[in-house]
>>> print(open('start_29.txt').read())   # compact mmCIF, C-alpha atoms
# COMPACT_ATOMS: atom_id res chain seq x y z
CA MET A 1 53.01 157.22 8.90
CA SER A 2 54.27 153.66 9.17
CA VAL A 3 56.37 152.58 12.11
CA SER A 4 59.35 150.32 11.54
CA PRO A 5 59.88 147.17 13.67
CA LEU A 6 62.93 148.81 15.23
CA ASP A 7 60.83 151.81 16.31
CA ARG A 8 58.30 149.48 17.90
CA LEU A 9 60.99 147.57 19.77
CA THR A 10 63.08 150.53 20.96
CA PRO A 11 60.70 152.19 23.52
CA PRO A 12 60.44 149.20 25.89
CA PHE A 13 64.22 148.89 26.08
CA ALA A 14 64.60 152.63 26.59
CA ASP A 15 62.15 152.44 29.51
CA LEU A 16 64.03 149.48 31.00
CA ALA A 17 67.37 151.24 30.67
CA GLU A 18 66.02 154.42 32.25
CA HIS A 19 64.52 152.42 35.10
CA ALA A 20 67.82 150.63 35.73
CA THR A 21 69.69 153.96 35.79
CA VAL A 22 67.27 155.49 38.29
CA GLN A 23 67.47 152.44 40.51
CA ALA A 24 71.27 152.52 40.51
CA GLY A 25 71.28 156.22 41.41
CA ARG A 26 68.98 155.64 44.39
CA GLU A 27 70.79 152.64 45.79
CA GLY A 28 71.15 154.08 49.27
CA LEU A 29 67.50 155.12 49.46
CA ALA A 30 66.35 151.72 48.25
CA ALA A 31 68.46 150.07 50.92
CA GLY A 32 66.79 152.22 53.58
CA ARG A 33 63.32 151.42 52.32
CA SER A 34 64.11 147.72 52.34
CA PHE A 35 65.25 147.80 55.99
CA TRP A 36 62.37 145.68 57.23
CA PRO A 37 63.59 142.47 55.51
CA HIS A 38 66.81 142.96 57.49
CA LEU A 39 64.95 143.14 60.79
CA THR A 40 64.87 139.38 61.30
CA VAL A 41 68.61 139.09 60.67
CA LEU A 42 69.46 141.93 63.06
CA THR A 43 67.10 140.66 65.75
CA ALA A 44 68.54 137.15 65.60
CA PHE A 45 72.06 138.61 65.77
CA TRP A 46 71.19 140.76 68.77
CA ILE A 47 69.59 137.83 70.61
CA TYR A 48 72.81 135.91 70.06
CA VAL A 49 74.87 138.85 71.36
CA ALA A 50 72.69 139.24 74.46
CA LEU A 51 72.78 135.54 75.34
CA SER A 52 76.52 135.24 74.76
CA ASN A 53 77.28 138.32 76.88
CA VAL A 54 75.03 137.18 79.73
CA LEU A 55 76.47 133.66 79.73
CA TYR A 56 80.03 134.97 79.55
CA ALA A 57 79.54 137.41 82.43
CA ASN A 58 77.87 134.74 84.58
CA SER A 59 80.61 132.20 83.95
CA MET A 60 83.35 134.73 84.67
CA GLN A 61 81.64 135.92 87.86
CA ALA A 62 81.23 132.31 89.00
CA SER A 63 84.94 131.73 88.53
CA LEU A 64 85.79 134.90 90.42
CA SER A 65 83.34 134.07 93.20
CA SER A 66 85.17 130.80 93.78
CA MET A 67 88.19 132.97 94.55
CA LYS A 68 86.14 135.16 96.95
CA ILE A 69 86.01 138.06 94.46
CA GLU A 70 82.46 139.43 94.26
CA HIS A 71 80.55 142.04 92.25
CA VAL A 72 82.97 142.37 89.34
CA PHE A 73 80.35 141.61 86.70
CA ALA A 74 76.77 142.87 86.82
CA ALA A 75 73.97 140.38 87.42
CA TRP A 76 72.41 138.56 84.44
CA ASP A 77 69.07 140.39 84.70
CA ALA A 78 70.81 143.78 84.66
CA ARG A 79 72.74 142.77 81.54
CA LEU A 80 69.53 141.55 79.95
CA ILE A 81 67.92 144.93 80.56
CA GLN A 82 71.05 146.56 79.12
CA HIS A 83 70.63 144.67 75.85
CA LEU A 84 66.90 145.39 75.75
CA LEU A 85 67.64 149.11 76.12
CA LEU A 86 70.33 148.98 73.45
CA TYR A 87 68.20 147.02 70.95
CA PRO A 88 66.21 149.98 69.53
CA LEU A 89 69.40 152.05 69.44
CA PHE A 90 71.12 149.22 67.57
CA LEU A 91 68.31 149.09 64.99
CA LEU A 92 68.29 152.87 64.62
CA SER A 93 72.05 152.96 64.06
CA MET A 94 71.86 150.17 61.47
CA TRP A 95 68.99 151.90 59.68
CA ARG A 96 70.99 155.10 59.52
CA SER A 97 74.02 153.19 58.31
CA LEU A 98 72.07 151.55 55.48
CA ARG A 99 70.55 154.87 54.46
CA THR A 100 73.99 156.48 54.42
CA GLY A 101 75.77 153.79 52.44
CA TRP A 102 79.47 154.05 51.65
CA ARG A 103 79.61 156.33 48.63
CA PRO A 104 81.23 158.78 48.54
CA LEU A 105 83.55 157.43 51.20
CA TRP A 106 84.80 160.82 52.40
CA ARG A 107 81.28 161.83 53.34
CA ALA A 108 79.87 158.47 54.43
CA ALA A 109 82.76 157.35 56.66
CA PRO A 110 82.32 160.09 59.34
CA ILE A 111 78.58 159.37 59.57
CA GLN A 112 79.21 155.64 59.87
CA LEU A 113 81.80 156.27 62.59
CA LEU A 114 79.42 158.52 64.54
CA CYS A 115 76.71 155.85 64.41
CA ALA A 116 79.12 153.23 65.72
CA LEU A 117 80.58 155.41 68.50
CA GLY A 118 77.18 156.73 69.53
CA PHE A 119 75.93 153.19 70.00
CA ALA A 120 79.08 151.91 71.73
CA VAL A 121 79.46 154.70 74.29
CA LEU A 122 75.87 154.26 75.50
CA ALA A 123 76.39 150.60 76.39
CA PHE A 124 77.87 151.30 79.84
CA PRO A 125 75.20 153.85 80.87
CA ALA A 126 72.55 151.33 79.72
CA LEU A 127 74.05 148.74 82.07
CA ALA A 128 74.10 151.23 84.94
CA LEU A 129 70.47 152.11 84.24
CA GLY A 130 69.53 148.42 84.18
CA THR A 131 71.21 147.90 87.55
CA HIS A 132 69.44 150.95 88.96
CA LEU A 133 66.02 149.82 87.68
CA LEU A 134 66.47 146.49 89.45
CA GLY A 135 67.33 148.29 92.67
CA GLN A 136 70.54 146.35 93.08
CA GLY A 137 72.59 149.43 93.86
CA GLU A 138 76.22 149.32 94.60
CA HIS A 139 76.03 145.69 95.68
CA GLU A 140 75.87 144.59 92.07
CA HIS A 141 77.70 147.21 90.05
CA PRO A 142 79.63 150.21 91.26
CA GLY A 143 78.50 152.40 88.42
CA SER A 144 74.89 152.29 89.63
CA SER A 145 75.28 153.93 93.03
CA GLY A 146 75.56 157.57 93.89
CA GLN A 147 79.09 156.97 95.06
CA GLY A 148 79.78 155.15 91.80
CA TRP A 149 78.64 158.14 89.74
CA THR A 150 80.82 160.38 91.90
CA ASP A 151 83.74 158.07 91.23
CA PHE A 152 82.85 158.07 87.57
CA LEU A 153 82.84 161.85 87.37
CA ALA A 154 86.18 161.81 89.16
CA GLY A 155 87.53 159.48 86.50
CA GLY A 156 87.31 156.17 88.37
CA GLU A 157 84.84 154.54 85.95
CA ILE A 158 86.26 155.86 82.68
CA PRO A 159 88.47 152.77 82.02
CA THR A 160 85.41 150.55 82.51
CA TRP A 161 83.40 152.74 80.16
CA ILE A 162 86.17 152.58 77.53
CA ALA A 163 86.38 148.79 77.85
CA SER A 164 82.60 148.49 77.45
CA ALA A 165 82.58 150.87 74.47
CA THR A 166 85.39 148.93 72.80
CA ASN A 167 83.56 145.64 73.28
CA PHE A 168 80.29 146.95 71.86
CA LEU A 169 82.11 148.76 69.07
CA VAL A 170 83.42 145.39 67.90
CA THR A 171 79.92 143.93 68.29
CA TYR A 172 78.50 146.77 66.21
CA GLY A 173 81.15 146.16 63.55
CA PHE A 174 80.14 142.51 63.24
CA GLY A 175 76.48 143.49 63.02
CA LEU A 176 77.22 146.10 60.37
CA ALA A 177 79.24 143.59 58.35
CA LEU A 178 76.39 141.09 58.61
CA VAL A 179 73.65 143.47 57.51
CA THR A 180 75.84 144.98 54.77
CA GLY A 181 76.57 141.51 53.42
CA PHE A 182 72.87 140.66 53.52
CA ALA A 183 72.03 143.88 51.67
CA PHE A 184 74.69 143.10 49.08
CA TYR A 185 73.20 139.62 48.60
CA GLN A 186 69.76 141.14 48.07
CA ARG A 187 71.11 143.61 45.49
CA LEU A 188 72.98 140.81 43.73
CA ARG A 189 69.85 138.67 43.64
CA ASP A 190 67.74 141.58 42.35
CA SER A 191 70.40 142.32 39.76
CA GLN A 192 70.30 138.72 38.55
CA LEU A 193 66.51 138.83 38.35
CA ARG A 194 66.63 142.08 36.36
CA SER A 195 69.31 140.62 34.11
CA ALA A 196 67.19 137.53 33.46
CA ALA A 197 64.15 139.72 32.76
CA LEU A 198 66.14 141.84 30.32
CA GLU A 199 67.46 138.71 28.63
CA ARG A 200 63.92 137.37 28.22
CA ALA A 201 62.77 140.74 26.88
CA LEU A 202 65.67 140.79 24.42
CA THR A 203 64.86 137.25 23.28
CA GLN A 204 61.20 138.09 22.77
CA ALA A 205 62.06 141.26 20.89
CA HIS A 206 64.57 139.36 18.75
CA LEU A 207 61.99 136.71 17.86
CA ALA A 208 59.39 139.39 17.14
CA ALA A 209 61.83 141.05 14.76
CA LEU A 210 62.45 137.73 13.01
CA ARG A 211 58.72 137.14 12.60
CA MET A 212 58.30 140.68 11.25
CA GLN A 213 61.04 139.91 8.77
CA LEU A 214 59.36 136.68 7.70
CA SER A 215 55.84 138.00 7.08
CA PRO A 216 56.58 140.47 4.25
CA HIS A 217 59.03 137.97 2.72
CA THR A 218 56.30 135.32 2.47
CA LEU A 219 53.67 137.79 1.29
CA PHE A 220 55.98 139.13 -1.44
CA ASN A 221 56.45 135.67 -2.96
CA LEU A 222 52.77 134.75 -2.75
CA LEU A 223 51.69 137.97 -4.45
CA HIS A 224 54.02 137.17 -7.32
CA THR A 225 52.46 133.72 -7.52
CA ILE A 226 48.94 135.18 -7.82
CA ARG A 227 50.13 137.82 -10.28
CA GLY A 228 51.12 135.08 -12.68
CA GLN A 229 47.54 133.76 -12.67
CA ILE A 230 45.63 137.02 -13.23
CA SER A 231 46.34 137.47 -16.91
CA TRP A 232 45.34 134.02 -18.18
CA ASP A 233 43.05 132.53 -15.47
CA PRO A 234 41.16 135.27 -13.53
CA PRO A 235 38.75 132.87 -11.71
CA ALA A 236 41.70 130.86 -10.40
CA ALA A 237 43.40 134.09 -9.36
CA GLN A 238 40.27 135.18 -7.46
CA ALA A 239 40.15 131.83 -5.64
CA MET A 240 43.80 132.19 -4.80
CA VAL A 241 43.18 135.69 -3.38
CA VAL A 242 40.56 134.19 -1.04
CA GLN A 243 43.02 131.52 0.01
CA LEU A 244 45.71 134.15 0.45
CA GLY A 245 43.42 136.07 2.81
CA ASP A 246 43.01 132.92 4.90
CA LEU A 247 46.76 132.38 4.81
CA LEU A 248 47.47 135.95 5.96
CA ARG A 249 45.04 135.63 8.86
CA ARG A 250 46.85 132.51 9.96
CA LEU A 251 50.19 134.21 9.38
CA LEU A 252 49.28 137.19 11.57
CA SER A 253 47.91 134.91 14.28
CA ALA A 254 51.02 132.72 14.26
CA GLY A 255 53.28 135.78 14.22
CA GLU A 256 51.89 136.89 17.60
CA ARG A 257 52.89 133.61 19.28
CA GLU A 258 56.29 132.14 19.92
CA PHE A 259 55.05 128.55 19.67
CA SER A 260 52.19 126.75 17.98
CA ARG A 261 51.00 123.16 17.68
CA LEU A 262 52.77 121.09 15.07
CA SER A 263 49.41 120.16 13.55
CA ASP A 264 48.54 123.85 13.10
CA GLU A 265 51.96 124.51 11.61
CA LEU A 266 51.50 121.69 9.08
CA GLN A 267 48.03 122.96 8.23
CA PHE A 268 49.48 126.40 7.52
CA VAL A 269 52.19 124.84 5.35
CA ALA A 270 49.59 122.78 3.47
CA LEU A 271 47.61 125.94 2.68
CA TYR A 272 50.73 127.65 1.35
CA LEU A 273 51.68 124.66 -0.77
CA GLU A 274 48.14 124.43 -2.12
CA LEU A 275 48.46 127.98 -3.39
CA GLN A 276 51.75 127.14 -5.07
CA GLN A 277 50.36 123.92 -6.52
CA LYS A 278 47.56 125.81 -8.26
CA ARG A 279 50.16 127.76 -10.19
CA PHE A 280 52.39 124.79 -10.97
CA ALA A 281 49.74 122.09 -11.17
CA ASP A 282 51.58 120.14 -13.84
CA ARG A 283 54.95 120.29 -12.10
CA LEU A 284 54.40 120.29 -8.35
CA THR A 285 53.49 117.25 -6.26
CA ILE A 286 52.98 117.61 -2.51
CA THR A 287 53.22 114.93 0.18
CA ALA A 288 52.54 115.79 3.84
CA PRO A 289 51.67 113.72 6.93
CA ALA A 290 47.98 113.23 7.66
CA ARG A 291 46.63 115.05 10.67
CA GLU A 292 46.10 111.82 12.62
CA ASP A 293 49.71 110.80 11.95
CA THR A 294 51.16 114.09 13.18
CA PRO A 295 53.10 113.85 16.47
CA ARG A 296 51.54 115.79 19.33
CA ALA A 297 54.12 118.49 19.91
CA TRP A 298 54.73 122.24 19.97
CA VAL A 299 57.15 123.98 17.62
CA PRO A 300 58.29 127.59 17.08
CA SER A 301 55.66 129.45 15.09
CA LEU A 302 56.31 129.60 11.33
CA ILE A 303 59.45 127.47 11.62
CA LEU A 304 58.48 125.25 8.65
CA GLN A 305 57.28 128.03 6.36
CA PRO A 306 60.76 129.16 5.22
CA LEU A 307 61.74 125.55 4.51
CA VAL A 308 58.78 124.76 2.25
CA GLU A 309 59.10 128.15 0.57
CA ASN A 310 62.75 127.42 -0.15
CA ALA A 311 61.80 123.93 -1.38
CA VAL A 312 59.37 125.40 -3.93
CA LEU A 313 61.78 128.05 -5.21
CA HIS A 314 64.86 125.85 -5.11
CA GLY A 315 63.13 122.79 -6.57
CA LEU A 316 61.57 124.61 -9.52
CA ALA A 317 64.67 126.63 -10.37
CA GLY A 318 66.91 125.63 -13.24
CA HIS A 319 64.74 123.07 -15.03
CA GLU A 320 61.24 122.44 -16.43
CA GLY A 321 60.68 119.00 -14.93
CA ALA A 322 58.33 117.80 -12.22
CA VAL A 323 59.14 118.54 -8.60
CA THR A 324 58.05 116.55 -5.55
CA ILE A 325 58.00 118.16 -2.11
CA ARG A 326 57.68 115.92 0.93
CA VAL A 327 57.16 117.14 4.48
CA GLU A 328 57.92 114.71 7.32
CA ALA A 329 57.71 114.81 11.11
CA SER A 330 59.01 112.08 13.40
CA VAL A 331 59.86 111.53 17.06
CA SER A 332 62.84 109.63 18.45
CA ALA A 333 63.24 109.51 22.23
CA GLU A 334 62.76 113.15 23.28
CA THR A 335 63.81 114.68 19.96
CA LEU A 336 61.45 115.96 17.29
CA THR A 337 62.71 115.86 13.71
CA LEU A 338 61.12 118.03 11.02
CA ARG A 339 62.22 117.33 7.48
CA VAL A 340 61.41 118.97 4.13
CA LEU A 341 62.66 117.19 0.99
CA ASN A 342 62.38 118.31 -2.61
CA THR A 343 63.68 117.05 -5.90
CA ILE A 344 66.19 119.26 -7.69
CA ALA A 345 67.74 119.52 -11.12
CA PRO A 346 71.14 117.88 -11.55
CA GLY A 347 73.95 120.28 -10.71
CA ARG A 348 71.80 122.48 -8.42
CA GLY A 349 72.94 120.85 -5.17
CA GLY A 350 74.81 123.84 -3.76
CA SER A 351 72.50 126.70 -4.64
CA GLY A 352 69.82 126.48 -1.97
CA ASP A 353 71.66 126.64 1.33
CA THR A 354 71.58 130.44 1.76
CA GLY A 355 68.94 133.13 1.90
CA ILE A 356 66.75 135.03 4.34
CA GLY A 357 64.45 132.10 5.11
CA LEU A 358 67.09 129.57 6.10
CA ALA A 359 69.10 132.16 8.04
CA ASN A 360 65.87 133.00 9.86
CA VAL A 361 65.38 129.36 10.86
CA ARG A 362 68.95 129.01 12.13
CA GLU A 363 68.75 132.18 14.19
CA ARG A 364 65.38 131.39 15.76
CA LEU A 365 66.49 127.90 16.79
CA ALA A 366 69.67 129.34 18.30
CA VAL A 367 67.73 131.97 20.25
CA GLN A 368 65.02 129.62 21.55
CA PHE A 369 66.93 126.38 22.13
CA GLY A 370 70.65 127.13 21.94
CA GLU A 371 72.70 123.97 21.49
CA ARG A 372 69.68 121.75 22.13
CA ALA A 373 68.51 122.23 18.53
CA SER A 374 70.24 121.91 15.17
CA PHE A 375 69.44 122.74 11.56
CA GLU A 376 71.05 121.44 8.42
CA ALA A 377 70.25 121.97 4.76
CA GLY A 378 71.98 120.35 1.82
CA PRO A 379 71.76 117.73 -0.93
CA ALA A 380 70.83 114.23 0.19
CA ASP A 381 71.89 112.94 -3.23
CA GLU A 382 72.23 114.26 -6.76
CA HIS A 383 68.46 114.67 -7.24
CA LEU A 384 67.20 115.36 -3.71
CA TRP A 385 67.54 118.34 -1.39
CA ARG A 386 66.94 117.97 2.34
CA ALA A 387 66.33 120.59 5.02
CA GLN A 388 66.17 119.09 8.51
CA ILE A 389 65.52 120.37 12.03
CA HIS A 390 66.30 118.50 15.25
CA MET A 391 64.77 120.10 18.35
CA PRO A 392 63.60 119.07 21.83
CA LEU A 393 60.20 117.41 21.92
CA LEU A 394 57.81 119.85 23.60
CA ARG A 395 54.80 117.86 24.69
CA ASP A 396 53.59 120.25 27.40
CA GLY A 397 53.44 123.48 25.45
CA PRO A 398 55.70 126.55 25.27
CA ASP A 399 56.56 126.55 29.01
CA SER A 400 58.69 123.43 28.54
CA ALA A 401 60.93 125.28 26.07
CA ALA A 402 62.68 127.39 28.74
CA ARG A 403 66.44 127.22 28.34
CA PRO A 404 68.19 125.68 31.37
CA ASP A 405 70.93 128.31 31.54
CA VAL A 406 68.31 131.07 32.01
CA GLY A 407 66.64 129.15 34.82
CA ALA A 408 69.96 128.54 36.55
CA ALA A 409 70.63 132.30 36.68
CA LEU A 410 67.63 132.77 38.90
>>> encode(input="start_29.txt", output="structure tokens")
Amino acid sequence: MSVSPLDRLTPPFADLAEHATVQAGREGLAAGRSFWPHLTVLTAFWIYVALSNVLYANSMQASLSSMKIEHVFAAWDARLIQHLLLYPLFLLSMWRSLRTGWRPLWRAAPIQLLCALGFAVLAFPALALGTHLLGQGEHEHPGSSGQGWTDFLAGGEIPTWIASATNFLVTYGFGLALVTGFAFYQRLRDSQLRSAALERALTQAHLAALRMQLSPHTLFNLLHTIRGQISWDPPAAQAMVVQLGDLLRRLLSAGEREFSRLSDELQFVALYLELQQKRFADRLTITAPAREDTPRAWVPSLILQPLVENAVLHGLAGHEGAVTIRVEASVSAETLTLRVLNTIAPGRGGSGDTGIGLANVRERLAVQFGERASFEAGPADEHLWRAQIHMPLLRDGPDSAARPDVGAAL
């Protein structure tokens, strides 16, 4: 059973949509798994916090010492140990916070608050432990001595503990805001990358659909051309069938690529016109640039085929006279101009500007180049029809055809 182009194009987009849905549903889990990229940010933030706290405590104690007030702030090495002890707890709390996320808020908010309070309330005991490990005792910080713990249990150190917890709660809040903002930036960047990938996939699928539309259209007209030869010149028809086979091989090969060399495109056009000329030998005259005169450039695959096909049909319609078809290619600055001209019968100037082929050309140029390319078709004078394409000159192959607005999104 045959498969339509739409059926061939639908599964990849269904897979992409399903993947995007699954990723959105596991946002919290993905954030937890991507914790390691946040480690550098959190570590740098914590180093800043430790240095600022140590420098602040030292400067304040120096000012108080000048007024004969000693041992209000713990020594710098005890505070350094405090921050070293709190560092793994800080990372653990942030990891849990990222895993939890903020949706739904009624369930996430209590967990986030517990993480923040659990970290903040342990700051003062960490300082006391640091003082104790250094053996500084009650000479450096009252909370480190046995008497200090007795005072603490009696309520003497609770205000200090609350002040410390409040300070580190604010610090935790800044750290959480920083890592949440960084995670949001990463999701935004990933979203832009996925959007650009989907846009490229859509463009490729759109172009594939246009090429699928073109192939049977061309084949249909060529088969009718050969059919006209079978009844009165079988040998010529057989030769044309051989040429048609060569043409179809080239057609299938070109249909798998977005771009091809201009010389190959003109060779394909020449083969098509040769088939048409065998049928209308007494009426059709063909002029095309020699291979050595062809500009070295890349063009969208099969972009000229609809134009020459329209020139044959439009030029021969409505009269029995001779028709001349001329194909031209020229370069001006960084613009490539492709032009197909054909003679027409008087009064036929407005009958060849519509149809599948020309609409195909307009749409492909719009998809691949946007406003950087243009296409126009219409009478140049009473006896001449002109179809003309202006597009960027692609000297370096298909990679140079990337649209700037897609690149800027990345």
>>> atom_distance(input="start_29.txt", atom1="CA of Pro234 in chain A", atom2="CA of Ala317 in chain A")
25.2 Å
>>> residues_near_point(input="start_29.txt", point="(71.8, 123.6, 14.5)", cutoff="8 Å", atoms="only C-alpha atoms", output="ChimeraX atom specification")
/A:362,365-366,371,373-376,389-390
>>> closest_residue(input="start_29.txt", among="A:Leu176, A:Leu55, A:Leu202, A:Ala165", to="Ser97 in chain A", atoms="all atoms listed in the file")
A:Leu176
>>> atom_distance(input="start_29.txt", atom1="CA of His224 in chain A", atom2="CA of Leu275 in chain A")
11.4 Å
>>> closest_residue(input="start_29.txt", among="A:Pro37, A:Gly101, A:Gly228, A:Pro306", to="Gly357 in chain A", atoms="all atoms listed in the file")
A:Pro306
>>> residues_around(input="start_29.txt", residues="Pro346 in chain A", least_positions_apart="5", cutoff="10 Å", atoms="all atoms listed in the file", output="list in words")
Gly318, His319, Asp381, Glu382, His383 and Leu384 of chain A
>>> atom_distance(input="start_29.txt", atom1="CA of Met391 in chain A", atom2="CA of Ala288 in chain A")
19.5 Å
>>> closest_residue(input="start_29.txt", among="A:Asp264, A:Asp190, A:Tyr48, A:Val323", to="Leu251 in chain A", atoms="all atoms listed in the file")
A:Asp264
>>> residues_around(input="start_29.txt", residues="Arg291 in chain A", least_positions_apart="3", cutoff="9 Å", atoms="only C-alpha atoms", output="MDAnalysis selection string")
chainID A and resid 263 266:267 294:295
>>> axis_aligned_box(input="start_29.txt", around="range 226-234 of chain A", padding_each_side="3 Å", output="lines of an AutoDock Vina configuration file")
center_x = 46.1
center_y = 135.2
center_z = -13.0
size_x = 16.0
size_y = 11.3
size_z = 16.4
>>> residues_around(input="start_29.txt", residues="Ala254 in chain A", least_positions_apart="2", cutoff="10 Å", atoms="all atoms listed in the file", output="list of chain:residue names")
A:Arg211, A:Leu248, A:Arg249, A:Arg250, A:Leu251, A:Leu252, A:Glu256, A:Arg257, A:Glu258, A:Phe259, A:Ser260, A:Asp264, A:Glu265, A:Phe268, A:Pro300, A:Ser301, A:Leu302
>>> closest_residue(input="start_29.txt", among="A:Phe90, A:Met240, A:Asn342, A:Phe182", to="Ala380 in chain A", atoms="all atoms listed in the file")
A:Asn342
>>> build_atoms(input="start_29.txt", residues="range 67-81 of chain A", atoms="N, CA and C atoms", output="short mmCIF file (atom, residue, chain, number, x, y, z; two decimals), keeping the file's coordinate frame")
data_model
loop_
_atom_site.label_atom_id
_atom_site.label_comp_id
_atom_site.auth_asym_id
_atom_site.auth_seq_id
_atom_site.Cartn_x
_atom_site.Cartn_y
_atom_site.Cartn_z
N MET A 67 86.98 132.40 93.96
CA MET A 67 88.19 132.97 94.55
C MET A 67 87.87 134.12 95.50
N LYS A 68 86.60 134.16 95.98
CA LYS A 68 86.14 135.16 96.95
C LYS A 68 86.20 136.59 96.39
N ILE A 69 86.05 136.73 95.07
CA ILE A 69 86.01 138.06 94.46
C ILE A 69 84.58 138.28 93.96
N GLU A 70 83.87 139.21 94.56
CA GLU A 70 82.46 139.43 94.26
C GLU A 70 82.24 140.74 93.52
N HIS A 71 81.08 140.81 92.86
CA HIS A 71 80.55 142.04 92.25
C HIS A 71 81.49 142.66 91.21
N VAL A 72 82.17 141.84 90.44
CA VAL A 72 82.97 142.37 89.34
C VAL A 72 82.11 142.55 88.10
N PHE A 73 81.26 141.55 87.84
CA PHE A 73 80.35 141.61 86.70
C PHE A 73 78.93 141.83 87.20
N ALA A 74 78.16 142.61 86.44
CA ALA A 74 76.77 142.87 86.82
C ALA A 74 75.96 141.59 86.71
N ALA A 75 74.83 141.56 87.43
CA ALA A 75 73.97 140.38 87.42
C ALA A 75 73.36 140.16 86.03
N TRP A 76 72.90 138.91 85.78
CA TRP A 76 72.41 138.56 84.44
C TRP A 76 71.18 139.37 84.06
N ASP A 77 70.29 139.65 85.05
CA ASP A 77 69.07 140.39 84.70
C ASP A 77 69.39 141.85 84.36
N ALA A 78 70.41 142.42 85.00
CA ALA A 78 70.81 143.78 84.66
C ALA A 78 71.40 143.83 83.24
N ARG A 79 72.18 142.82 82.90
CA ARG A 79 72.74 142.77 81.54
C ARG A 79 71.64 142.53 80.50
N LEU A 80 70.63 141.76 80.87
CA LEU A 80 69.53 141.55 79.95
C LEU A 80 68.79 142.85 79.68
N ILE A 81 68.56 143.63 80.74
CA ILE A 81 67.92 144.93 80.56
C ILE A 81 68.81 145.85 79.72
#
